[in-house]
There are 2 protein chains.
Amino acid sequence: MPIRISLDEIETLAVDRLCAAGADLAQARPVAQSIRRAEQDGVRSHGLMYLPIYVEHLTCGKVNGRAQPQMSQPRAGAVVVDAGHGFAHPAIDLGLPALQEAARACGIAALTVRRSYNCGILGHHAKRIAETGLIGLCFTHAPASIAPVGGRIPVIGTNPFALAVPDGAGGARFVLDQSASVVAKSEVILRSRRGEPIPEGWALDAEGRPTTDPAAGLKGSMLPSGGAKGFGMGLLVEVLASALSGAVASRDASPFSGPVGGPPGTGQCFVAIDPDAFAPGFVDRIAALAEAIQAQEGARLPGARRVAARRRLDAAGIEVDDDLAGRLQIQKN
Amino acid sequence: MPIRISLDEIETLAVDRLCAAGADLAQARPVAQSIRRAEQDGVRSHGLMYLPIYVEHLTCGKVNGRAQPQMSQPRAGAVVVDAGHGFAHPAIDLGLPALQEAARACGIAALTVRRSYNCGILGHHAKRIAETGLIGLCFTHAPASIAPVGGRIPVIGTNPFALAVPDGAGGARFVLDQSASVVAKSEVILRSRRGEPIPEGWALDAEGRPTTDPAAGLKGSMLPSGGAKGFGMGLLVEVLASALSGAVASRDASPFSGPVGGPPGTGQCFVAIDPDAFAPGFVDRIAALAEAIQAQEGARLPGARRVAARRRLDAAGIEVDDDLAGRLQIQKN
């Protein structure tokens, strides 16, 4: 029988397990909050399910649980954070206020983070920027899993970008959050664990041939969404999150899973834009654009599923299955 | 027998025809140069083939051939140009030097253009930014032709973005230039003229059903590349090129072809980033990334086809068929 725990309990549990594995509170708390928000949005892959990986990475030294991120601002619109191989979340938390202030002063600003780590759900960072009235445009890269079209050696990661647009009332009108691959790599890993085949069109084997064997796909490459155009999107993310930030390239980064390879040293890039600096009426134009999408039967705004999950969330909390409860040593009441 | 004319002759001819249709030299010259560069890159759809459309739009009042674009700089990193319903190219030419100066001062800057028009090959503008040592990230929208996934009423245009990355030696290491749709709308128009069917997966009819009839597709919607992810990319472009700039929305813009509907009033957004503001070594990281792609047999860098066209370009010039030569009143030697 599965256990149910509340969002508050999830956050407390996560802080506890991360600190027990060697993180200080400054590192643990923002990560625990990100787990809470993932569960709240129904994105279980980045919720409690990820906690054992964070714990493993603290233990094996992939993440420095006592890192102190360092910030500088080389130009009026350029904010730079060195995450020091700690978690990404505290580094981003350090940089965001300076980014927002710079965007208001200059009209647009960028924050890059290097010597960083998996930042969880990218859309959450974009949403936080939009909640301050700015457009948030975010990029994060990952260990290489996508080969260029026509090639067979992965060069870029699933490299997502996210866009959140302010609604003029302290919220986001919509949040776009999409990777460069046809499906998330975690989908292939899931099928591999279950011993199920994957549909053709998701991945290639190490020789660059189409495959329905998830294990062969994981040794090969993920297919980019829409072919060359998906690779192009991932390349944009590589340029901004990795090359601009001064992070390790996707093709040199250690895996985001398992204990091998030391810190991944990946990076992020966050662009914030103050719409008031460019033309009046932005919020109204966005409201009309959103309405033109929502008014169509069968169509929905990007991120609508997560919004619905937040609304649906039962006060009784989140269901945790026995396997995960065991791994996290959660006691049944 | 087709006529051959040189690039210089193309530019002179274009200036001549545009001025004869009512444009002043300040409006005509940048457009003529864009036609020259399109032919040089082998992108014939935006070369001389487009000149009769420009001429028609000057004649019918869709473009004001004597517009004087106005620039302002509301914040240190925000440059704004009102194109005054003239051509896009002179408006962009006015704003680019201020954008580049602002990007160097602030680390990142953005230029928006409103009351604008089709800006031709977006990658050319990105390339010019990269040639000054900055990353160029460009967005332009177009009259609506793509419905949201699940819907059937077009909300966004084929809305391309372009990325050009400096090579540290006054050139661009690569130029990415891609639309949000599976194929360019011009491909469907071409098949419609020829009376040929289109492959399934390119377009939907007005009822939202898959179609292989190009005429039905033109009355319906273009399919986004990779489904929701292509629509997401086009939505990003809509937010920046249209909503941020204060331009007319894609769904309200008059067509880029034909004499009906008055000025389209669309917009652009150009972001320039100084990589030196964020971390040293950018150019080397980009060179290594490009090499990791190019070194793979069968893979190529984005924009490689245009680079090859420039290299191949015969000194004898460009071939113009009889039909186009007739429409442009080009005399045979």
# chains A, B, ... in the order shown; residues from 1 in each chain; ligands from 1
call {"tool": "calpha_fit_and_write", "arguments": {"fixed": "chain A", "moving": "chain B", "output": "short mmCIF file (atom, residue, chain, number, x, y, z; two decimals) with C-alpha atoms, in the first residue's frame"}}
result
data_model
loop_
_atom_site.label_atom_id
_atom_site.label_comp_id
_atom_site.auth_asym_id
_atom_site.auth_seq_id
_atom_site.Cartn_x
_atom_site.Cartn_y
_atom_site.Cartn_z
CA MET B 1 0.01 -0.04 0.01
CA PRO B 2 1.54 3.28 -1.05
CA ILE B 3 2.31 6.02 1.47
CA ARG B 4 0.95 9.57 1.10
CA ILE B 5 3.00 12.50 2.29
CA SER B 6 2.38 16.24 2.13
CA LEU B 7 4.43 18.84 0.25
CA ASP B 8 5.76 20.19 3.55
CA GLU B 9 6.84 16.71 4.55
CA ILE B 10 8.51 16.24 1.17
CA GLU B 11 10.57 19.39 1.60
CA THR B 12 11.57 18.51 5.18
CA LEU B 13 12.46 14.98 4.19
CA ALA B 14 14.59 16.19 1.27
CA VAL B 15 16.49 18.70 3.42
CA ASP B 16 17.08 15.96 5.97
CA ARG B 17 18.40 13.39 3.47
CA LEU B 18 20.59 15.92 1.62
CA CYS B 19 22.14 17.19 4.87
CA ALA B 20 22.69 13.63 6.08
CA ALA B 21 24.65 13.04 2.85
CA GLY B 22 26.93 15.98 3.55
CA ALA B 23 25.15 19.06 2.18
CA ASP B 24 24.95 22.22 4.27
CA LEU B 25 21.60 23.96 4.61
CA ALA B 26 22.44 26.64 2.00
CA GLN B 27 22.95 23.89 -0.60
CA ALA B 28 20.17 21.57 0.57
CA ARG B 29 17.23 23.94 0.97
CA PRO B 30 16.92 25.24 -2.65
CA VAL B 31 17.19 21.67 -3.96
CA ALA B 32 14.53 20.47 -1.50
CA GLN B 33 12.26 23.31 -2.65
CA SER B 34 12.78 22.28 -6.28
CA ILE B 35 11.72 18.72 -5.41
CA ARG B 36 8.60 20.08 -3.71
CA ARG B 37 7.71 22.21 -6.74
CA ALA B 38 8.28 19.29 -9.13
CA GLU B 39 5.84 17.10 -7.14
CA GLN B 40 3.38 20.00 -6.99
CA ASP B 41 3.48 20.26 -10.80
CA GLY B 42 3.09 16.52 -11.29
CA VAL B 43 6.59 16.14 -12.80
CA ARG B 44 7.45 13.11 -10.72
CA SER B 45 10.73 12.37 -12.54
CA HIS B 46 12.21 15.53 -10.97
CA GLY B 47 10.49 15.06 -7.60
CA LEU B 48 11.26 12.63 -4.81
CA MET B 49 12.36 10.09 -7.46
CA TYR B 50 15.44 12.25 -8.05
CA LEU B 51 16.37 12.55 -4.36
CA PRO B 52 18.34 9.26 -4.22
CA ILE B 53 20.43 10.49 -7.20
CA TYR B 54 21.19 13.80 -5.44
CA VAL B 55 22.17 11.86 -2.32
CA GLU B 56 24.40 9.51 -4.33
CA HIS B 57 26.10 12.45 -6.01
CA LEU B 58 26.82 14.14 -2.69
CA THR B 59 28.29 10.88 -1.41
CA CYS B 60 30.49 10.11 -4.43
CA GLY B 61 31.71 13.70 -4.84
CA LYS B 62 29.89 14.58 -8.07
CA VAL B 63 28.34 17.44 -6.08
CA ASN B 64 30.16 19.48 -3.43
CA GLY B 65 27.53 19.87 -0.70
CA ARG B 66 29.43 22.70 0.92
CA ALA B 67 30.18 24.73 -2.20
CA GLN B 68 29.81 28.48 -1.91
CA PRO B 69 28.72 29.94 -5.26
CA GLN B 70 30.53 33.15 -6.26
CA MET B 71 28.89 35.98 -8.21
CA SER B 72 30.37 38.79 -10.28
CA GLN B 73 28.93 41.36 -12.67
CA PRO B 74 31.55 42.09 -15.34
CA ARG B 75 29.21 44.43 -17.30
CA ALA B 76 25.97 46.23 -16.48
CA GLY B 77 23.86 43.50 -18.09
CA ALA B 78 26.13 40.50 -17.52
CA VAL B 79 25.88 38.51 -14.28
CA VAL B 80 28.19 35.52 -13.82
CA VAL B 81 28.01 32.83 -11.14
CA ASP B 82 30.56 30.09 -10.46
CA ALA B 83 28.60 27.29 -8.78
CA GLY B 84 31.83 25.68 -7.50
CA HIS B 85 30.58 22.19 -8.40
CA GLY B 86 27.78 22.52 -5.87
CA PHE B 87 24.09 22.14 -6.75
CA ALA B 88 22.75 24.42 -9.49
CA HIS B 89 19.83 25.74 -7.45
CA PRO B 90 21.74 27.79 -4.82
CA ALA B 91 23.95 29.24 -7.58
CA ILE B 92 20.87 30.31 -9.55
CA ASP B 93 19.23 31.70 -6.40
CA LEU B 94 22.34 33.82 -5.85
CA GLY B 95 22.31 35.23 -9.38
CA LEU B 96 18.59 35.82 -10.06
CA PRO B 97 18.09 39.03 -8.00
CA ALA B 98 21.12 40.66 -9.68
CA LEU B 99 19.83 39.48 -13.09
CA GLN B 100 16.42 41.00 -12.46
CA GLU B 101 17.88 44.31 -11.29
CA ALA B 102 20.19 44.43 -14.32
CA ALA B 103 17.31 43.67 -16.72
CA ARG B 104 15.28 46.53 -15.28
CA ALA B 105 18.24 48.92 -15.56
CA CYS B 106 19.38 47.88 -19.07
CA GLY B 107 16.15 46.50 -20.60
CA ILE B 108 17.76 43.07 -21.03
CA ALA B 109 20.38 41.13 -19.04
CA ALA B 110 21.88 37.65 -18.91
CA LEU B 111 23.07 35.41 -16.09
CA THR B 112 25.43 32.54 -16.85
CA VAL B 113 26.28 29.79 -14.37
CA ARG B 114 29.35 27.55 -14.76
CA ARG B 115 30.82 24.60 -12.81
CA SER B 116 27.15 23.80 -12.25
CA TYR B 117 24.94 20.71 -12.27
CA ASN B 118 21.49 19.52 -13.40
CA CYS B 119 19.15 22.42 -12.56
CA GLY B 120 15.97 20.31 -12.39
CA ILE B 121 12.87 21.70 -14.11
CA LEU B 122 14.07 24.58 -16.26
CA GLY B 123 10.58 26.08 -16.57
CA HIS B 124 10.51 26.74 -12.82
CA HIS B 125 13.44 29.13 -13.11
CA ALA B 126 11.80 30.86 -16.09
CA LYS B 127 8.55 31.15 -14.13
CA ARG B 128 10.29 32.87 -11.22
CA ILE B 129 11.67 35.48 -13.62
CA ALA B 130 8.20 36.04 -15.13
CA GLU B 131 6.71 36.45 -11.65
CA THR B 132 8.81 39.62 -11.30
CA GLY B 133 7.26 41.08 -14.49
CA LEU B 134 10.15 40.15 -16.80
CA ILE B 135 10.29 37.74 -19.74
CA GLY B 136 12.40 34.74 -18.67
CA LEU B 137 14.30 32.81 -21.35
CA CYS B 138 16.42 29.98 -19.94
CA PHE B 139 18.88 27.46 -21.36
CA THR B 140 20.58 24.47 -19.76
CA HIS B 141 22.71 21.76 -21.33
CA ALA B 142 23.36 18.17 -20.39
CA PRO B 143 25.82 15.34 -21.09
CA ALA B 144 25.84 14.62 -24.85
CA SER B 145 23.11 12.31 -26.14
CA ILE B 146 22.12 13.77 -29.55
CA ALA B 147 24.23 13.30 -32.68
CA PRO B 148 24.14 15.86 -35.50
CA VAL B 149 21.80 14.86 -38.34
CA GLY B 150 23.73 12.49 -40.60
CA GLY B 151 26.29 11.67 -37.88
CA ARG B 152 26.30 9.10 -35.11
CA ILE B 153 28.42 10.53 -32.25
CA PRO B 154 26.45 12.59 -29.70
CA VAL B 155 27.60 16.21 -29.55
CA ILE B 156 24.86 17.97 -27.58
CA GLY B 157 22.60 16.96 -24.70
CA THR B 158 18.81 16.96 -24.73
CA ASN B 159 19.48 20.67 -24.04
CA PRO B 160 16.13 22.20 -23.12
CA PHE B 161 15.06 25.83 -23.24
CA ALA B 162 12.24 27.45 -21.31
CA LEU B 163 10.27 30.64 -21.83
CA ALA B 164 7.97 32.24 -19.26
CA VAL B 165 5.95 35.33 -20.06
CA PRO B 166 4.63 37.68 -17.35
CA ASP B 167 0.87 38.17 -17.04
CA GLY B 168 1.11 41.63 -15.48
CA ALA B 169 -0.31 40.41 -12.17
CA GLY B 170 2.67 38.70 -10.57
CA GLY B 171 2.26 35.43 -12.43
CA ALA B 172 3.22 33.81 -15.72
CA ARG B 173 0.72 33.80 -18.61
CA PHE B 174 2.37 30.63 -19.89
CA VAL B 175 5.54 28.63 -19.41
CA LEU B 176 7.16 26.80 -22.31
CA ASP B 177 9.72 24.11 -21.37
CA GLN B 178 10.96 21.75 -24.06
CA SER B 179 14.00 19.62 -24.83
CA ALA B 180 15.69 19.27 -28.22
CA SER B 181 15.01 15.52 -28.45
CA VAL B 182 11.83 13.75 -29.57
CA VAL B 183 11.36 12.48 -25.99
CA ALA B 184 13.19 12.96 -22.70
CA LYS B 185 16.07 10.54 -22.16
CA SER B 186 14.38 9.44 -18.91
CA GLU B 187 11.62 7.85 -21.06
CA VAL B 188 14.19 5.57 -22.72
CA ILE B 189 15.77 4.72 -19.35
CA LEU B 190 12.31 3.84 -17.99
CA ARG B 191 11.58 1.45 -20.92
CA SER B 192 15.02 -0.08 -20.53
CA ARG B 193 14.35 -0.83 -16.84
CA ARG B 194 10.95 -2.28 -17.66
CA GLY B 195 12.36 -4.36 -20.53
CA GLU B 196 9.94 -2.70 -22.97
CA PRO B 197 10.82 -1.69 -26.56
CA ILE B 198 10.85 1.96 -27.62
CA PRO B 199 8.96 3.26 -30.67
CA GLU B 200 11.02 3.80 -33.82
CA GLY B 201 12.00 7.45 -34.19
CA TRP B 202 13.16 7.96 -30.62
CA ALA B 203 16.78 6.85 -30.81
CA LEU B 204 19.61 5.46 -32.96
CA ASP B 205 22.09 2.73 -31.95
CA ALA B 206 25.85 3.31 -31.72
CA GLU B 207 26.18 2.69 -35.47
CA GLY B 208 23.61 5.38 -36.25
CA ARG B 209 20.86 2.88 -37.18
CA PRO B 210 17.23 3.25 -36.03
CA THR B 211 16.52 1.02 -33.03
CA THR B 212 13.59 -0.08 -30.88
CA ASP B 213 15.92 -1.52 -28.20
CA PRO B 214 16.18 1.03 -25.37
CA ALA B 215 19.58 -0.33 -24.21
CA ALA B 216 20.99 0.07 -27.74
CA GLY B 217 19.49 3.56 -27.88
CA LEU B 218 21.20 4.54 -24.63
CA LYS B 219 24.54 3.43 -26.09
CA GLY B 220 23.80 5.37 -29.30
CA SER B 221 22.02 8.70 -29.60
CA MET B 222 18.63 10.34 -29.02
CA LEU B 223 16.89 11.64 -32.15
CA PRO B 224 16.30 15.40 -32.28
CA SER B 225 12.70 16.63 -32.57
CA GLY B 226 11.94 17.52 -36.18
CA GLY B 227 15.38 16.39 -37.38
CA ALA B 228 17.83 19.19 -38.17
CA LYS B 229 15.56 21.80 -36.58
CA GLY B 230 15.61 20.05 -33.20
CA PHE B 231 19.37 19.72 -33.45
CA GLY B 232 19.52 23.44 -34.27
CA MET B 233 17.55 24.27 -31.12
CA GLY B 234 19.88 22.12 -29.03
CA LEU B 235 22.85 23.82 -30.66
CA LEU B 236 21.51 27.24 -29.65
CA VAL B 237 21.28 25.95 -26.07
CA GLU B 238 24.83 24.54 -26.26
CA VAL B 239 26.18 27.91 -27.42
CA LEU B 240 24.51 29.85 -24.60
CA ALA B 241 24.46 27.42 -21.65
CA SER B 242 27.85 25.83 -22.27
CA ALA B 243 30.14 27.88 -24.56
CA LEU B 244 29.02 31.34 -23.36
CA SER B 245 29.00 30.39 -19.67
CA GLY B 246 32.44 28.77 -19.84
CA ALA B 247 31.06 25.40 -18.72
CA VAL B 248 32.30 21.97 -19.72
CA ALA B 249 31.01 20.99 -23.20
CA SER B 250 28.11 18.50 -23.31
CA ARG B 251 30.39 15.99 -25.04
CA ASP B 252 32.92 16.18 -22.16
CA ALA B 253 30.45 16.24 -19.24
CA SER B 254 30.14 13.26 -16.88
CA PRO B 255 26.69 11.62 -16.72
CA PHE B 256 23.84 13.12 -14.64
CA SER B 257 23.23 9.59 -13.29
CA GLY B 258 25.56 7.10 -11.62
CA PRO B 259 28.64 7.78 -9.49
CA VAL B 260 31.30 7.80 -12.25
CA GLY B 261 33.27 10.69 -13.75
CA GLY B 262 33.42 13.42 -11.11
CA PRO B 263 31.43 16.68 -11.24
CA PRO B 264 29.63 17.23 -14.58
CA GLY B 265 30.58 20.92 -14.58
CA THR B 266 27.74 21.85 -16.93
CA GLY B 267 26.19 25.32 -17.17
CA GLN B 268 23.11 27.46 -17.56
CA CYS B 269 22.13 30.75 -19.18
CA PHE B 270 19.18 32.88 -18.08
CA VAL B 271 18.06 35.92 -20.08
CA ALA B 272 15.63 38.41 -18.52
CA ILE B 273 13.90 41.12 -20.57
CA ASP B 274 11.88 44.06 -19.27
CA PRO B 275 9.06 44.44 -21.81
CA ASP B 276 8.36 48.01 -20.65
CA ALA B 277 11.76 49.03 -22.01
CA PHE B 278 10.71 48.27 -25.59
CA ALA B 279 7.02 49.14 -26.15
CA PRO B 280 3.91 49.76 -24.04
CA GLY B 281 1.07 47.21 -24.01
CA PHE B 282 3.08 43.99 -23.86
CA VAL B 283 0.86 42.30 -21.29
CA ASP B 284 -2.28 42.99 -23.34
CA ARG B 285 -0.72 41.60 -26.50
CA ILE B 286 0.30 38.44 -24.63
CA ALA B 287 -3.19 38.06 -23.15
CA ALA B 288 -4.71 38.28 -26.65
CA LEU B 289 -2.18 35.78 -28.02
CA ALA B 290 -2.91 33.33 -25.20
CA GLU B 291 -6.65 33.74 -25.77
CA ALA B 292 -6.27 33.02 -29.51
CA ILE B 293 -4.72 29.66 -28.54
CA GLN B 294 -6.95 28.76 -25.59
CA ALA B 295 -10.16 29.62 -27.42
CA GLN B 296 -9.55 26.77 -29.89
CA GLU B 297 -11.08 23.47 -28.90
CA GLY B 298 -8.35 20.87 -28.57
CA ALA B 299 -5.50 23.39 -28.23
CA ARG B 300 -3.87 24.40 -24.98
CA LEU B 301 -1.28 26.84 -23.69
CA PRO B 302 2.25 25.51 -23.06
CA GLY B 303 2.55 24.41 -19.43
CA ALA B 304 -1.22 23.98 -19.00
CA ARG B 305 -0.75 20.40 -17.79
CA ARG B 306 1.46 21.54 -14.91
CA VAL B 307 -0.98 24.29 -13.97
CA ALA B 308 -3.78 21.71 -13.89
CA ALA B 309 -1.64 19.42 -11.70
CA ARG B 310 -1.11 22.25 -9.22
CA ARG B 311 -4.88 22.83 -9.07
CA ARG B 312 -5.67 19.13 -8.73
CA LEU B 313 -3.14 18.52 -5.98
CA ASP B 314 -4.89 16.66 -3.21
CA ALA B 315 -4.46 18.11 0.28
CA ALA B 316 -3.74 14.56 1.32
CA GLY B 317 -0.42 14.88 -0.51
CA ILE B 318 1.68 12.84 -2.88
CA GLU B 319 1.64 9.09 -3.26
CA VAL B 320 5.01 7.37 -2.78
CA ASP B 321 5.34 3.72 -3.81
CA ASP B 322 6.97 1.11 -1.57
CA ASP B 323 10.17 0.90 -3.57
CA LEU B 324 10.92 4.63 -3.37
CA ALA B 325 9.72 4.80 0.25
CA GLY B 326 12.20 2.04 1.06
CA ARG B 327 15.08 3.75 -0.72
CA LEU B 328 14.33 7.01 1.09
CA GLN B 329 13.62 5.23 4.40
CA ILE B 330 10.20 6.84 4.70
CA GLN B 331 8.30 5.26 7.62
CA LYS B 332 4.66 4.30 7.20
CA ASN B 333 2.39 6.11 9.66
#
call {"tool": "select_by_dssp", "arguments": {"residues": "segment 177-309 of chain A", "states": "strand (DSSP E or B)", "output": "PyMOL selection string"}}
result
chain A and resi 177-178+181+203-204+210-211+221-222+224+266-273
call {"tool": "write_last_selection", "arguments": {"atoms": "N, CA and C atoms", "output": "PDB file, in the first residue's frame"}}
result
ATOM      1  N   ASP A 177       8.544  24.804 -21.901  1.00  0.00           N
ATOM      2  CA  ASP A 177       9.719  24.107 -21.367  1.00  0.00           C
ATOM      3  C   ASP A 177       9.895  22.872 -22.229  1.00  0.00           C
ATOM      4  N   GLN A 178      10.852  22.869 -23.123  1.00  0.00           N
ATOM      5  CA  GLN A 178      10.959  21.751 -24.056  1.00  0.00           C
ATOM      6  C   GLN A 178      12.406  21.395 -24.375  1.00  0.00           C
ATOM      7  N   SER A 181      15.205  16.876 -27.966  1.00  0.00           N
ATOM      8  CA  SER A 181      15.010  15.512 -28.467  1.00  0.00           C
ATOM      9  C   SER A 181      13.523  15.190 -28.623  1.00  0.00           C
ATOM     10  N   ALA A 203      15.344   6.943 -31.062  1.00  0.00           N
ATOM     11  CA  ALA A 203      16.785   6.835 -30.829  1.00  0.00           C
ATOM     12  C   ALA A 203      17.477   6.066 -31.958  1.00  0.00           C
ATOM     13  N   LEU A 204      18.799   6.237 -32.067  1.00  0.00           N
ATOM     14  CA  LEU A 204      19.630   5.459 -32.986  1.00  0.00           C
ATOM     15  C   LEU A 204      20.604   4.632 -32.163  1.00  0.00           C
ATOM     16  N   PRO A 210      18.446   3.206 -36.881  1.00  0.00           N
ATOM     17  CA  PRO A 210      17.224   3.263 -36.067  1.00  0.00           C
ATOM     18  C   PRO A 210      17.119   2.013 -35.192  1.00  0.00           C
ATOM     19  N   THR A 211      16.669   2.177 -33.966  1.00  0.00           N
ATOM     20  CA  THR A 211      16.535   1.022 -33.078  1.00  0.00           C
ATOM     21  C   THR A 211      15.270   1.121 -32.239  1.00  0.00           C
ATOM     22  N   SER A 221      22.381   7.291 -29.754  1.00  0.00           N
ATOM     23  CA  SER A 221      22.009   8.697 -29.615  1.00  0.00           C
ATOM     24  C   SER A 221      20.498   8.870 -29.648  1.00  0.00           C
ATOM     25  N   MET A 222      20.047   9.938 -29.016  1.00  0.00           N
ATOM     26  CA  MET A 222      18.633  10.316 -29.036  1.00  0.00           C
ATOM     27  C   MET A 222      18.383  11.075 -30.330  1.00  0.00           C
ATOM     28  N   PRO A 224      16.813  14.039 -32.538  1.00  0.00           N
ATOM     29  CA  PRO A 224      16.307  15.387 -32.276  1.00  0.00           C
ATOM     30  C   PRO A 224      14.897  15.567 -32.835  1.00  0.00           C
ATOM     31  N   THR A 266      28.563  21.243 -15.862  1.00  0.00           N
ATOM     32  CA  THR A 266      27.738  21.845 -16.920  1.00  0.00           C
ATOM     33  C   THR A 266      27.316  23.267 -16.535  1.00  0.00           C
ATOM     34  N   GLY A 267      26.546  23.917 -17.410  1.00  0.00           N
ATOM     35  CA  GLY A 267      26.203  25.315 -17.168  1.00  0.00           C
ATOM     36  C   GLY A 267      24.786  25.676 -17.552  1.00  0.00           C
ATOM     37  N   GLN A 268      24.419  26.912 -17.215  1.00  0.00           N
ATOM     38  CA  GLN A 268      23.103  27.456 -17.567  1.00  0.00           C
ATOM     39  C   GLN A 268      23.256  28.893 -18.069  1.00  0.00           C
ATOM     40  N   CYS A 269      22.238  29.340 -18.782  1.00  0.00           N
ATOM     41  CA  CYS A 269      22.142  30.741 -19.182  1.00  0.00           C
ATOM     42  C   CYS A 269      20.703  31.192 -19.009  1.00  0.00           C
ATOM     43  N   PHE A 270      20.530  32.319 -18.332  1.00  0.00           N
ATOM     44  CA  PHE A 270      19.191  32.881 -18.080  1.00  0.00           C
ATOM     45  C   PHE A 270      19.162  34.302 -18.629  1.00  0.00           C
ATOM     46  N   VAL A 271      18.221  34.564 -19.530  1.00  0.00           N
ATOM     47  CA  VAL A 271      18.066  35.912 -20.080  1.00  0.00           C
ATOM     48  C   VAL A 271      16.763  36.489 -19.527  1.00  0.00           C
ATOM     49  N   ALA A 272      16.837  37.706 -19.015  1.00  0.00           N
ATOM     50  CA  ALA A 272      15.634  38.396 -18.522  1.00  0.00           C
ATOM     51  C   ALA A 272      15.448  39.675 -19.329  1.00  0.00           C
ATOM     52  N   ILE A 273      14.209  39.924 -19.744  1.00  0.00           N
ATOM     53  CA  ILE A 273      13.902  41.098 -20.566  1.00  0.00           C
ATOM     54  C   ILE A 273      12.764  41.874 -19.926  1.00  0.00           C
TER      55      ILE A 273
END
call {"tool": "select_by_dssp", "arguments": {"residues": "segment 92-321 of chain A", "states": "alpha helix (DSSP H)", "output": "ChimeraX atom specification"}}
result
/A:92-106,122-130,185-194,214-219,228-237,282-294,304-312
